[in-house]
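The file upload_3.cif contains mmCIF, C-alpha atoms:
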data_protein
#
loop_
_atom_site.label_atom_id
_atom_site.label_comp_id
_atom_site.auth_asym_id
_atom_site.auth_seq_id
_atom_site.Cartn_x
_atom_site.Cartn_y
_atom_site.Cartn_z
CA MET A 1 18.48 -14.80 11.77
CA VAL A 2 17.69 -14.93 8.04
CA LYS A 3 14.02 -15.64 8.76
CA SER A 4 13.23 -12.10 9.84
CA HIS A 5 15.50 -10.30 7.36
CA ALA A 6 12.70 -8.25 5.79
CA LEU A 7 11.37 -7.30 9.22
CA ARG A 8 14.84 -6.15 10.29
CA LEU A 9 15.20 -3.98 7.19
CA TRP A 10 11.82 -2.40 7.88
CA LEU A 11 12.77 -1.87 11.52
CA ALA A 12 16.13 -0.34 10.54
CA GLN A 13 14.30 2.16 8.33
CA ARG A 14 12.02 3.15 11.23
CA ILE A 15 14.83 3.42 13.78
CA THR A 16 17.12 5.48 11.51
CA GLY A 17 14.15 7.72 10.71
CA ALA A 18 13.47 8.24 14.41
CA LEU A 19 17.14 9.02 15.10
CA MET A 20 17.16 11.64 12.34
CA ALA A 21 13.98 13.20 13.72
CA ILE A 22 15.51 13.37 17.22
CA TYR A 23 18.69 14.96 15.83
CA ALA A 24 16.69 17.52 13.85
CA LEU A 25 14.71 18.49 16.96
CA MET A 26 17.87 18.63 19.06
CA VAL A 27 19.88 20.79 16.63
CA GLY A 28 16.80 22.93 16.00
CA SER A 29 16.43 23.71 19.69
CA VAL A 30 20.17 24.37 20.16
CA LEU A 31 20.17 26.77 17.21
CA TYR A 32 17.03 28.45 18.52
CA VAL A 33 18.56 28.96 21.97
CA GLN A 34 22.15 29.80 21.01
CA HIS A 35 21.39 31.70 17.81
CA PRO A 36 24.86 31.35 16.30
CA THR A 37 25.39 34.18 13.83
CA GLU A 38 29.12 34.02 13.25
CA TYR A 39 31.70 31.40 12.30
CA GLY A 40 33.28 31.27 15.76
CA THR A 41 30.04 30.25 17.48
CA TRP A 42 29.24 27.63 14.82
CA LYS A 43 32.74 26.21 15.13
CA ALA A 44 32.53 26.06 18.91
CA LEU A 45 29.15 24.34 18.71
CA PHE A 46 30.31 21.61 16.32
CA SER A 47 33.66 21.14 18.06
CA THR A 48 32.05 19.74 21.20
CA GLY A 49 32.27 15.98 21.63
CA TRP A 50 28.55 15.38 22.05
CA MET A 51 27.65 17.39 18.97
CA ARG A 52 30.16 15.46 16.88
CA ALA A 53 28.89 12.16 18.24
CA ALA A 54 25.26 13.13 17.59
CA THR A 55 26.09 14.33 14.08
CA LEU A 56 27.97 11.11 13.40
CA VAL A 57 24.90 9.09 14.44
CA PHE A 58 22.76 11.35 12.25
CA VAL A 59 24.97 10.96 9.16
CA LEU A 60 25.15 7.17 9.56
CA SER A 61 21.36 7.01 10.03
CA LEU A 62 20.86 9.17 6.96
CA VAL A 63 23.14 6.99 4.82
CA TRP A 64 21.52 3.77 6.01
CA HIS A 65 18.00 5.17 5.62
CA ALA A 66 18.81 6.44 2.12
CA TRP A 67 20.27 3.07 1.17
CA LEU A 68 17.11 1.21 2.28
CA GLY A 69 14.90 3.67 0.39
CA MET A 70 16.98 3.60 -2.78
CA HIS A 71 17.13 -0.18 -2.63
CA ASP A 72 13.30 -0.27 -2.59
CA ILE A 73 13.04 2.20 -5.47
CA LEU A 74 15.53 0.24 -7.58
CA ILE A 75 13.63 -3.02 -6.94
CA ASP A 76 10.38 -1.40 -8.10
CA TYR A 77 11.56 0.61 -11.07
CA VAL A 78 14.78 -0.87 -12.47
CA LYS A 79 14.06 -4.41 -13.63
CA PRO A 80 16.96 -5.16 -16.08
CA ALA A 81 19.59 -7.00 -13.99
CA LEU A 82 22.68 -5.19 -15.30
CA ALA A 83 21.24 -1.68 -14.95
CA HIS A 84 19.96 -2.66 -11.50
CA ARG A 85 23.40 -3.81 -10.37
CA ILE A 86 25.21 -0.76 -11.79
CA LEU A 87 22.79 1.70 -10.15
CA LYS A 88 22.90 -0.20 -6.86
CA ASN A 89 26.70 0.00 -6.80
CA LEU A 90 26.59 3.68 -7.74
CA VAL A 91 24.20 4.39 -4.86
CA VAL A 92 26.42 2.48 -2.38
CA LEU A 93 29.50 4.27 -3.66
CA SER A 94 27.97 7.75 -3.48
CA LEU A 95 26.52 7.14 -0.02
CA ALA A 96 29.92 5.90 1.23
CA VAL A 97 31.62 8.97 -0.26
CA TYR A 98 29.05 11.26 1.35
CA ALA A 99 29.56 9.58 4.74
CA VAL A 100 33.35 9.86 4.63
CA TRP A 101 33.15 13.42 3.31
CA SER A 102 30.78 14.45 6.13
CA MET A 103 33.14 12.93 8.70
CA ARG A 104 36.09 14.80 7.24
CA ILE A 105 34.21 18.10 7.38
CA LEU A 106 33.05 17.40 10.91
CA TRP A 107 36.50 16.57 12.23
CA SER A 108 38.29 19.36 10.36
CA ILE A 109 36.51 22.14 12.21
CA MET B 110 -25.33 14.01 -17.90
CA ARG B 111 -22.16 13.62 -19.92
CA LEU B 112 -19.91 10.60 -19.46
CA SER B 113 -16.69 9.54 -21.10
CA ILE B 114 -16.27 5.77 -20.91
CA TYR B 115 -13.26 3.57 -21.64
CA ARG B 116 -14.04 1.15 -24.44
CA PHE B 117 -11.97 -1.78 -25.60
CA ASN B 118 -13.00 -4.97 -27.32
CA PRO B 119 -9.86 -7.02 -27.99
CA GLU B 120 -11.64 -8.89 -30.78
CA THR B 121 -12.38 -5.79 -32.87
CA ASP B 122 -10.33 -2.85 -31.50
CA ALA B 123 -6.61 -2.38 -32.08
CA GLU B 124 -6.45 0.15 -29.24
CA PRO B 125 -8.67 1.25 -26.37
CA TYR B 126 -10.54 4.53 -26.82
CA MET B 127 -12.84 6.82 -24.81
CA GLN B 128 -16.47 7.07 -25.91
CA ASP B 129 -18.69 10.01 -24.93
CA TYR B 130 -22.31 9.49 -23.93
CA ASP B 131 -25.00 12.06 -23.14
CA VAL B 132 -27.72 10.64 -20.93
CA ALA B 133 -30.99 12.26 -19.88
CA LEU B 134 -31.41 11.50 -16.18
CA GLU B 135 -34.67 10.14 -14.76
CA PRO B 136 -35.88 11.14 -11.27
CA GLY B 137 -34.97 7.68 -9.91
CA ASP B 138 -31.32 7.93 -11.02
CA LYS B 139 -29.28 8.40 -7.86
CA MET B 140 -26.08 6.45 -8.33
CA LEU B 141 -23.56 6.12 -11.14
CA LEU B 142 -24.62 2.52 -11.77
CA ASP B 143 -28.15 3.75 -12.62
CA VAL B 144 -26.71 5.88 -15.41
CA LEU B 145 -24.37 3.14 -16.66
CA LEU B 146 -27.33 0.77 -16.90
CA ARG B 147 -29.26 3.43 -18.80
CA ILE B 148 -26.35 3.64 -21.25
CA LYS B 149 -26.33 -0.14 -21.51
CA ASP B 150 -30.00 0.01 -22.53
CA LEU B 151 -29.03 2.33 -25.40
CA ASP B 152 -25.74 0.62 -26.30
CA ASP B 153 -25.70 -3.02 -25.32
CA THR B 154 -22.10 -3.48 -26.49
CA LEU B 155 -20.89 -1.78 -23.29
CA SER B 156 -19.55 -4.44 -20.89
CA MET B 157 -19.35 -4.15 -17.12
CA ARG B 158 -19.85 -6.26 -14.03
CA LYS B 159 -22.62 -5.59 -11.52
CA SER B 160 -24.87 -7.60 -9.29
CA CYS B 161 -26.30 -6.50 -5.93
CA ARG B 162 -26.41 -2.76 -6.82
CA GLU B 163 -26.01 -1.82 -3.15
CA GLY B 164 -22.30 -2.03 -2.33
CA VAL B 165 -22.32 -5.56 -0.98
CA CYS B 166 -21.13 -7.82 -3.80
CA GLY B 167 -18.17 -5.69 -4.88
CA SER B 168 -18.68 -6.45 -8.59
CA ASP B 169 -18.87 -2.97 -10.05
CA ALA B 170 -15.56 -1.54 -8.87
CA MET B 171 -14.18 0.87 -11.47
CA ASN B 172 -12.14 4.01 -11.78
CA ILE B 173 -14.50 7.00 -11.54
CA ASN B 174 -13.09 10.46 -12.27
CA GLY B 175 -9.63 9.14 -11.43
CA LYS B 176 -10.56 7.42 -8.18
CA ASN B 177 -11.49 3.78 -7.67
CA GLY B 178 -14.93 3.10 -6.24
CA LEU B 179 -18.15 1.14 -6.57
CA ALA B 180 -20.48 2.59 -9.22
CA CYS B 181 -23.57 1.46 -7.28
CA ILE B 182 -22.78 3.57 -4.21
CA THR B 183 -21.21 6.56 -5.98
CA LYS B 184 -23.73 9.40 -5.82
CA LEU B 185 -24.37 11.31 -9.05
CA THR B 186 -24.49 14.56 -7.09
CA ASP B 187 -20.85 14.05 -6.05
CA LEU B 188 -19.58 13.68 -9.62
CA LYS B 189 -18.03 16.37 -11.79
CA GLU B 190 -18.94 16.23 -15.48
CA PRO B 191 -17.92 14.77 -17.81
CA VAL B 192 -17.74 11.68 -15.62
CA VAL B 193 -14.68 9.75 -16.77
CA VAL B 194 -15.18 6.02 -16.20
CA ARG B 195 -12.32 3.58 -16.70
CA PRO B 196 -11.66 -0.02 -15.68
CA LEU B 197 -9.69 -0.65 -12.46
CA PRO B 198 -6.04 0.22 -13.10
CA GLY B 199 -3.21 -2.31 -12.90
CA LEU B 200 -5.16 -5.36 -14.08
CA PRO B 201 -5.53 -6.68 -17.65
CA VAL B 202 -8.71 -5.48 -19.36
CA VAL B 203 -10.96 -8.27 -20.61
CA ARG B 204 -13.38 -5.87 -22.27
CA ASP B 205 -14.52 -2.28 -21.59
CA LEU B 206 -14.92 -1.97 -17.79
CA VAL B 207 -14.35 -5.67 -17.09
CA VAL B 208 -10.88 -6.58 -15.80
CA ASP B 209 -9.23 -9.94 -15.26
CA MET B 210 -9.01 -10.30 -11.46
CA THR B 211 -7.03 -13.57 -11.46
CA GLN B 212 -3.91 -11.97 -9.98
CA PHE B 213 -5.96 -10.23 -7.30
CA PHE B 214 -7.62 -13.47 -6.18
CA LYS B 215 -4.35 -15.40 -6.41
CA GLN B 216 -2.89 -13.04 -3.81
CA TYR B 217 -6.08 -13.25 -1.75
CA HIS B 218 -5.93 -17.07 -1.70
CA SER B 219 -2.23 -17.00 -0.80
CA VAL B 220 -3.06 -15.71 2.71
CA LYS B 221 -5.34 -18.73 3.39
CA PRO B 222 -8.51 -16.70 3.93
CA TYR B 223 -10.24 -19.24 6.14
CA LEU B 224 -10.11 -20.35 9.77
CA VAL B 225 -7.41 -22.88 10.61
CA ASN B 226 -8.30 -24.78 13.76
CA ASP B 227 -7.27 -28.39 14.34
CA GLU B 228 -9.32 -28.94 17.50
CA PRO B 229 -12.36 -31.20 17.02
CA PRO B 230 -15.35 -29.05 16.17
CA PRO B 231 -17.75 -28.54 19.09
CA ALA B 232 -21.37 -29.69 18.89
CA THR B 233 -22.60 -26.15 18.17
CA GLU B 234 -20.23 -23.45 16.95
CA ARG B 235 -16.82 -22.16 18.05
CA LEU B 236 -17.79 -19.36 20.40
CA GLN B 237 -16.10 -15.99 20.77
CA SER B 238 -16.35 -13.46 23.58
CA PRO B 239 -17.94 -10.16 22.52
CA GLU B 240 -14.49 -8.53 23.00
CA ASP B 241 -12.80 -11.02 20.67
CA ARG B 242 -15.58 -10.58 18.14
CA GLU B 243 -15.08 -6.82 18.26
CA LYS B 244 -11.49 -7.26 17.06
CA LEU B 245 -12.85 -8.31 13.67
CA ASP B 246 -14.73 -5.04 13.15
CA GLY B 247 -13.20 -3.04 10.32
CA LEU B 248 -11.84 -6.28 8.80
CA TYR B 249 -14.72 -8.65 8.06
CA GLU B 250 -16.68 -6.02 6.10
CA CYS B 251 -14.33 -6.21 3.07
CA VAL B 252 -16.28 -7.16 -0.08
CA LEU B 253 -13.16 -7.94 -2.17
CA CYS B 254 -14.03 -5.41 -4.85
CA GLY B 255 -10.35 -4.78 -5.53
CA ALA B 256 -10.59 -0.97 -5.42
CA CYS B 257 -7.80 -0.72 -2.83
CA THR B 258 -5.36 -3.21 -4.31
CA THR B 259 -5.66 -1.78 -7.82
CA SER B 260 -5.04 1.76 -6.55
CA CYS B 261 -1.81 0.69 -4.83
CA PRO B 262 1.41 1.57 -6.71
CA SER B 263 3.26 -1.22 -4.88
CA PHE B 264 0.76 -3.69 -6.39
CA TRP B 265 1.09 -2.09 -9.85
CA TRP B 266 4.86 -2.70 -9.82
CA ASN B 267 4.82 -6.16 -8.21
CA PRO B 268 1.37 -7.75 -8.64
CA ASP B 269 2.88 -11.24 -8.61
CA LYS B 270 4.85 -10.74 -5.40
CA PHE B 271 3.09 -8.14 -3.23
CA VAL B 272 -0.10 -9.44 -1.57
CA GLY B 273 -1.77 -6.03 -1.81
CA PRO B 274 -3.99 -4.18 0.69
CA ALA B 275 -7.11 -6.35 0.28
CA GLY B 276 -5.15 -9.59 0.78
CA LEU B 277 -3.26 -8.19 3.75
CA LEU B 278 -6.48 -6.93 5.36
CA GLN B 279 -7.83 -10.48 5.04
CA ALA B 280 -4.57 -11.91 6.40
CA TYR B 281 -4.98 -9.78 9.50
CA ARG B 282 -8.69 -10.64 9.73
CA PHE B 283 -7.67 -14.28 10.38
CA ILE B 284 -4.63 -13.43 12.51
CA ALA B 285 -6.92 -11.36 14.75
CA ASP B 286 -9.55 -14.12 14.99
CA SER B 287 -9.52 -15.79 18.42
CA ARG B 288 -10.72 -19.07 16.84
CA ASP B 289 -7.75 -19.30 14.46
CA GLN B 290 -4.68 -21.28 15.54
CA ALA B 291 -2.29 -20.57 12.69
CA THR B 292 -1.01 -17.10 13.66
CA ASP B 293 2.66 -18.13 13.51
CA GLU B 294 2.30 -19.74 10.09
CA ARG B 295 0.37 -16.73 8.86
CA LEU B 296 3.13 -14.36 10.03
CA ASP B 297 5.80 -16.62 8.47
CA ASN B 298 3.83 -16.57 5.22
CA LEU B 299 4.32 -12.79 5.04
CA GLU B 300 8.05 -12.80 5.63
CA ASP B 301 9.79 -12.05 2.33
CA PRO B 302 10.85 -8.60 1.19
CA TYR B 303 7.76 -8.34 -1.04
CA ARG B 304 4.60 -9.91 0.35
CA LEU B 305 4.08 -7.51 3.25
CA TYR B 306 7.00 -5.10 3.28
CA LYS B 307 6.34 -3.66 -0.19
CA CYS B 308 3.64 -1.62 1.55
CA HIS B 309 5.14 1.84 1.94
CA ASN B 310 2.12 3.44 3.60
CA ILE B 311 1.08 5.34 0.49
CA MET B 312 -2.47 4.91 1.81
CA ASN B 313 -4.31 5.08 -1.52
CA CYS B 314 -6.12 1.98 -0.22
CA VAL B 315 -7.59 3.88 2.72
CA ASP B 316 -8.51 6.78 0.45
CA VAL B 317 -10.54 4.66 -1.99
CA CYS B 318 -12.08 1.86 0.11
CA PRO B 319 -15.83 2.09 -0.59
CA LYS B 320 -16.55 0.41 2.75
CA GLY B 321 -14.43 2.91 4.70
CA LEU B 322 -11.94 0.27 5.89
CA SER B 323 -8.25 0.81 6.61
CA PRO B 324 -5.94 -1.83 5.13
CA SER B 325 -3.02 0.39 6.24
CA LYS B 326 -4.04 -0.04 9.86
CA ALA B 327 -4.29 -3.82 9.45
CA ILE B 328 -0.86 -3.91 7.79
CA GLY B 329 0.55 -1.86 10.68
CA LYS B 330 -0.91 -4.39 13.14
CA ILE B 331 0.71 -7.29 11.27
CA LYS B 332 4.08 -5.51 11.39
CA GLU B 333 3.56 -4.85 15.10
CA LEU B 334 2.86 -8.55 15.75
CA LYS B 335 5.94 -9.56 13.77
CA LEU B 336 8.02 -7.14 15.80
CA LYS B 337 6.63 -8.48 19.07
CA ARG B 338 7.49 -12.00 17.96
CA LEU B 339 11.04 -10.93 17.12
CA THR B 340 11.65 -9.36 20.52
CA LYS B 341 10.09 -12.24 22.45
#
As structure tokens - that is how I would like this structure written.
Amino acid sequence: MVKSHALRLWLAQRITGALMAIYALMVGSVLYVQHPTEYGTWKALFSTGWMRAATLVFVLSLVWHAWLGMHDILIDYVKPALAHRILKNLVVLSLAVYAVWSMRILWSI
Amino acid sequence: MRLSIYRFNPETDAEPYMQDYDVALEPGDKMLLDVLLRIKDLDDTLSMRKSCREGVCGSDAMNINGKNGLACITKLTDLKEPVVVRPLPGLPVVRDLVVDMTQFFKQYHSVKPYLVNDEPPPATERLQSPEDREKLDGLYECVLCGACTTSCPSFWWNPDKFVGPAGLLQAYRFIADSRDQATDERLDNLEDPYRLYKCHNIMNCVDVCPKGLSPSKAIGKIKELKLKRLTK
């Protein structure tokens, strides 16, 4: 529904923010309890299915959240159309690269 | 008391400048407006707006030591010297401390700040329950001084598109009114990426409001209502 587009964007920013907060709390508690001090323990932790799934959700939330924020900043501060478009594409490109890169790291361990 | 006041007369000055004044206080001088009026007695070229001198008309909003407020209810004892007085930021200066508030009122009018009710008017008045009336507390007290809107960075960047905290507080004042029948239209009226959603909860508005109101809270309520409507 086009009518509530702005509301949906605002909602998406809130939901992705909440997901990141939940992930941070979750990983924080796991690290506090397990106290991984060597590579083996870290690897074991991030090799589990649920941790990979949660990290995937986190990375996607982060990328989406960052896109919404950057989009707002560009609207406010970069008025010339060409510069706006170039920077917007650069942001999309770098966020996509970061997402793919994170996935590769996550699935290579 | 030492003050440094923004001066600009577009007819004679190429650029704005700050002018220093030293004023001997009288026992009756309590508020900043008292001192500004004393300066005006000495230098009648200084321009400013003022009227009720008790925080009700909202005319003498200005930037005082970096923070927007009403000169008439800003206590001298709370001010660090030299007191730096500038016009409200983000609006064109007409002269000295007088700004052109056209854009501010354009946004205010865009939210239809009046009751919309198509039912035939009753013989007396449209009654409200005490509970419904209570919902307007913290909203109706706004004096439209513009201190909040002109302290809002979102308004500085998009004054033509973002309604601003004062306008949005008024929008919610009518949405929350049990006698108003145009809630849906009012919510639709705030649906583009700018009018409402350019508020990023910076909360300068809450910090400066001389009446102690919270436009941020009202904006949050509007977003909440829009969300409820979406999930209905």
(message) Can you work out which residues from chain B touch chain A at a cut-off of 12 Å (counting only C-alpha atoms) and hand them back as number ranges by chain?
(response) B: 262-268, 270-271, 296-309, 329, 331-340
Could you save those same residues with C-alpha atoms as a compact mmCIF listing (two decimals), keeping the file's coordinate frame?
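After the write, selection_23.txt holds the following:
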# COMPACT_ATOMS: atom_id res chain seq x y z
CA PRO B 262 1.41 1.57 -6.71
CA SER B 263 3.26 -1.22 -4.88
CA PHE B 264 0.76 -3.69 -6.39
CA TRP B 265 1.09 -2.09 -9.85
CA TRP B 266 4.86 -2.70 -9.82
CA ASN B 267 4.82 -6.16 -8.21
CA PRO B 268 1.37 -7.75 -8.64
CA LYS B 270 4.85 -10.74 -5.40
CA PHE B 271 3.09 -8.14 -3.23
CA LEU B 296 3.13 -14.36 10.03
CA ASP B 297 5.80 -16.62 8.47
CA ASN B 298 3.83 -16.57 5.22
CA LEU B 299 4.32 -12.79 5.04
CA GLU B 300 8.05 -12.80 5.63
CA ASP B 301 9.79 -12.05 2.33
CA PRO B 302 10.85 -8.60 1.19
CA TYR B 303 7.76 -8.34 -1.04
CA ARG B 304 4.60 -9.91 0.35
CA LEU B 305 4.08 -7.51 3.25
CA TYR B 306 7.00 -5.10 3.28
CA LYS B 307 6.34 -3.66 -0.19
CA CYS B 308 3.64 -1.62 1.55
CA HIS B 309 5.14 1.84 1.94
CA GLY B 329 0.55 -1.86 10.68
CA ILE B 331 0.71 -7.29 11.27
CA LYS B 332 4.08 -5.51 11.39
CA GLU B 333 3.56 -4.85 15.10
CA LEU B 334 2.86 -8.55 15.75
CA LYS B 335 5.94 -9.56 13.77
CA LEU B 336 8.02 -7.14 15.80
CA LYS B 337 6.63 -8.48 19.07
CA ARG B 338 7.49 -12.00 17.96
CA LEU B 339 11.04 -10.93 17.12
CA THR B 340 11.65 -9.36 20.52
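Using all atoms listed in the file, the nearest neighbour of Met20 (chain A) within the list A:His84, A:Ser108, A:Ile73, A:Ala54 is A:Ala54.
Residues matched by the PyMOL selection byres ((chain A and resi 56) around 12) in this file: Leu19, Met20, Tyr23, Phe46, Gly49, Trp50, Met51, Arg52, Ala53, Ala54, Thr55, Val57, Phe58, Val59, Leu60, Ser61, Leu62, Val63, Ala99, Val100, Trp101, Ser102, Met103, Arg104, Ile105, Leu106 and Trp107 of chain A.
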(message) Quick check, in Å to one decimal: how far apart do CA of His71 (chain A) and CA of Gly276 (chain B) lie?
(response) 24.4 Å
List the residues selected by the PyMOL selection byres ((chain B and resi 173-189) around 6) in the file shown, writing them as a PDB file with C-alpha atoms, in the coordinates of the input.
ATOM      1  CA  LYS B 139     -29.280   8.400  -7.860  1.00  0.00           C
ATOM      2  CA  MET B 140     -26.080   6.450  -8.330  1.00  0.00           C
ATOM      3  CA  LEU B 141     -23.560   6.120 -11.140  1.00  0.00           C
ATOM      4  CA  LEU B 142     -24.620   2.520 -11.770  1.00  0.00           C
ATOM      5  CA  ARG B 162     -26.410  -2.760  -6.820  1.00  0.00           C
ATOM      6  CA  GLU B 163     -26.010  -1.820  -3.150  1.00  0.00           C
ATOM      7  CA  GLY B 164     -22.300  -2.030  -2.330  1.00  0.00           C
ATOM      8  CA  ASP B 169     -18.870  -2.970 -10.050  1.00  0.00           C
ATOM      9  CA  ALA B 170     -15.560  -1.540  -8.870  1.00  0.00           C
ATOM     10  CA  MET B 171     -14.180   0.870 -11.470  1.00  0.00           C
ATOM     11  CA  ASN B 172     -12.140   4.010 -11.780  1.00  0.00           C
ATOM     12  CA  GLU B 190     -18.940  16.230 -15.480  1.00  0.00           C
ATOM     13  CA  VAL B 192     -17.740  11.680 -15.620  1.00  0.00           C
ATOM     14  CA  VAL B 193     -14.680   9.750 -16.770  1.00  0.00           C
ATOM     15  CA  VAL B 194     -15.180   6.020 -16.200  1.00  0.00           C
ATOM     16  CA  ALA B 256     -10.590  -0.970  -5.420  1.00  0.00           C
ATOM     17  CA  VAL B 317     -10.540   4.660  -1.990  1.00  0.00           C
ATOM     18  CA  PRO B 319     -15.830   2.090  -0.590  1.00  0.00           C
TER      19      PRO B 319
END
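If you count all atoms listed in the file and draw a sphere of 7 Å around (21.5, -1.9, -3.1), the protein and nucleic acid residues inside it come out as A:Trp67, A:His71, A:Lys88, A:Asn89, A:Val92.
Between CA of Pro119 (chain B) and CA of Cys314 (chain B) lies a distance of 29.4 Å.
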(request) To verify the selection step, state as a list in words which residues the PyMOL selection byres ((chain B and resi 280) around 9) yields on this input. (result) Tyr217, Val220, Lys221, Pro222, Ala275, Gly276, Leu277, Leu278, Gln279, Tyr281, Arg282, Phe283, Ile284, Ala285, Arg295, Leu296, Ala327, Ile328 and Ile331 of chain B
(request) Give the answer as one residue: which of B:Asn118, B:Gln128, B:Gln290, B:Thr258 has the shortest atom-to-atom distance to Asp227 (chain B), using all atoms listed in the file? (result) B:Gln290
(message) One decimal, in Å: what's the spacing between CA of His65 (chain A) and CA of Leu25 (chain A)?
(response) 17.8 Å
(request) Between B:Lys330, B:Lys341, B:Arg204, B:Arg235, single out the one closest to Asp289 (chain B), counting only C-alpha atoms. (result) B:Arg235
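Each of B:Met110, B:Leu146, B:Cys261, B:Met127 was checked against Phe213 (chain B) using all atoms listed in the file; the smallest atom-to-atom distance is that of B:Cys261.
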(message) Considering only C-alpha atoms, can you say which of A:Ala44, A:Ala81, A:Leu31, A:Leu68 comes closest to Ile15 (chain A)?
(response) A:Leu68
Please put the answer as AutoDock Vina command-line options: centre and edge lengths, in Å with one decimal, of a box along x, y and z that encloses all listed atoms of region 207-212 of chain B plus 6 Å on each side.
--center_x -9.1 --center_y -9.6 --center_z -13.5 --size_x 22.4 --size_y 19.9 --size_z 19.1
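Nearest to Ser156 (chain B) of all the residues B:Pro201, B:Val207, B:Asn313, B:Ser325 is B:Val207, counting all atoms listed in the file.
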(message) Quick one: residues within 10 Å of Ala133 (chain B), all atoms listed in the file, excluding same-chain residues fewer than 5 positions away - as JSON, numbers by chain?
(response) {"B": [110, 111, 138, 144, 147, 148]}
(message) List as number ranges by chain the protein and nucleic acid residues near Gly321 (chain B), meaning an atom at most 10 Å away when only C-alpha atoms are counted, but skip any in the same chain fewer than 3 places from it.
(response) B: 247, 250-251, 314-318, 324
Could you write region 137-151 of chain B as an mmCIF file, in the frame of the given file, with N, CA and C atoms rebuilt where they are missing?
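As a result, out.cif now contains:
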data_model
loop_
_atom_site.group_PDB
_atom_site.id
_atom_site.type_symbol
_atom_site.label_atom_id
_atom_site.label_comp_id
_atom_site.auth_asym_id
_atom_site.auth_seq_id
_atom_site.Cartn_x
_atom_site.Cartn_y
_atom_site.Cartn_z
ATOM 1 N N GLY B 137 -35.441 8.780 -10.775
ATOM 2 C CA GLY B 137 -34.970 7.680 -9.910
ATOM 3 C C GLY B 137 -33.471 7.451 -9.984
ATOM 4 N N ASP B 138 -32.758 8.158 -10.875
ATOM 5 C CA ASP B 138 -31.320 7.930 -11.020
ATOM 6 C C ASP B 138 -30.561 8.619 -9.894
ATOM 7 N N LYS B 139 -29.995 7.817 -9.011
ATOM 8 C CA LYS B 139 -29.280 8.400 -7.860
ATOM 9 C C LYS B 139 -27.790 8.100 -7.909
ATOM 10 N N MET B 140 -27.480 6.900 -8.370
ATOM 11 C CA MET B 140 -26.080 6.450 -8.330
ATOM 12 C C MET B 140 -25.525 6.294 -9.738
ATOM 13 N N LEU B 141 -24.189 6.238 -9.835
ATOM 14 C CA LEU B 141 -23.560 6.120 -11.140
ATOM 15 C C LEU B 141 -24.005 4.858 -11.878
ATOM 16 N N LEU B 142 -24.209 3.770 -11.123
ATOM 17 C CA LEU B 142 -24.620 2.520 -11.770
ATOM 18 C C LEU B 142 -25.951 2.694 -12.527
ATOM 19 N N ASP B 143 -26.865 3.507 -11.950
ATOM 20 C CA ASP B 143 -28.150 3.750 -12.620
ATOM 21 C C ASP B 143 -27.925 4.306 -14.018
ATOM 22 N N VAL B 144 -26.984 5.246 -14.117
ATOM 23 C CA VAL B 144 -26.710 5.880 -15.410
ATOM 24 C C VAL B 144 -26.011 4.902 -16.355
ATOM 25 N N LEU B 145 -25.066 4.121 -15.812
ATOM 26 C CA LEU B 145 -24.370 3.140 -16.660
ATOM 27 C C LEU B 145 -25.354 2.127 -17.229
ATOM 28 N N LEU B 146 -26.335 1.736 -16.412
ATOM 29 C CA LEU B 146 -27.330 0.770 -16.900
ATOM 30 C C LEU B 146 -28.228 1.408 -17.956
ATOM 31 N N ARG B 147 -28.472 2.711 -17.793
ATOM 32 C CA ARG B 147 -29.260 3.430 -18.800
ATOM 33 C C ARG B 147 -28.505 3.453 -20.137
ATOM 34 N N ILE B 148 -27.175 3.665 -20.025
ATOM 35 C CA ILE B 148 -26.350 3.640 -21.250
ATOM 36 C C ILE B 148 -26.385 2.246 -21.861
ATOM 37 N N LYS B 149 -26.320 1.248 -21.009
ATOM 38 C CA LYS B 149 -26.330 -0.140 -21.510
ATOM 39 C C LYS B 149 -27.634 -0.451 -22.251
ATOM 40 N N ASP B 150 -28.714 0.178 -21.817
ATOM 41 C CA ASP B 150 -30.000 0.010 -22.530
ATOM 42 C C ASP B 150 -29.909 0.556 -23.956
ATOM 43 N N LEU B 151 -29.159 1.691 -24.087
ATOM 44 C CA LEU B 151 -29.030 2.330 -25.400
ATOM 45 C C LEU B 151 -27.951 1.650 -26.252
#
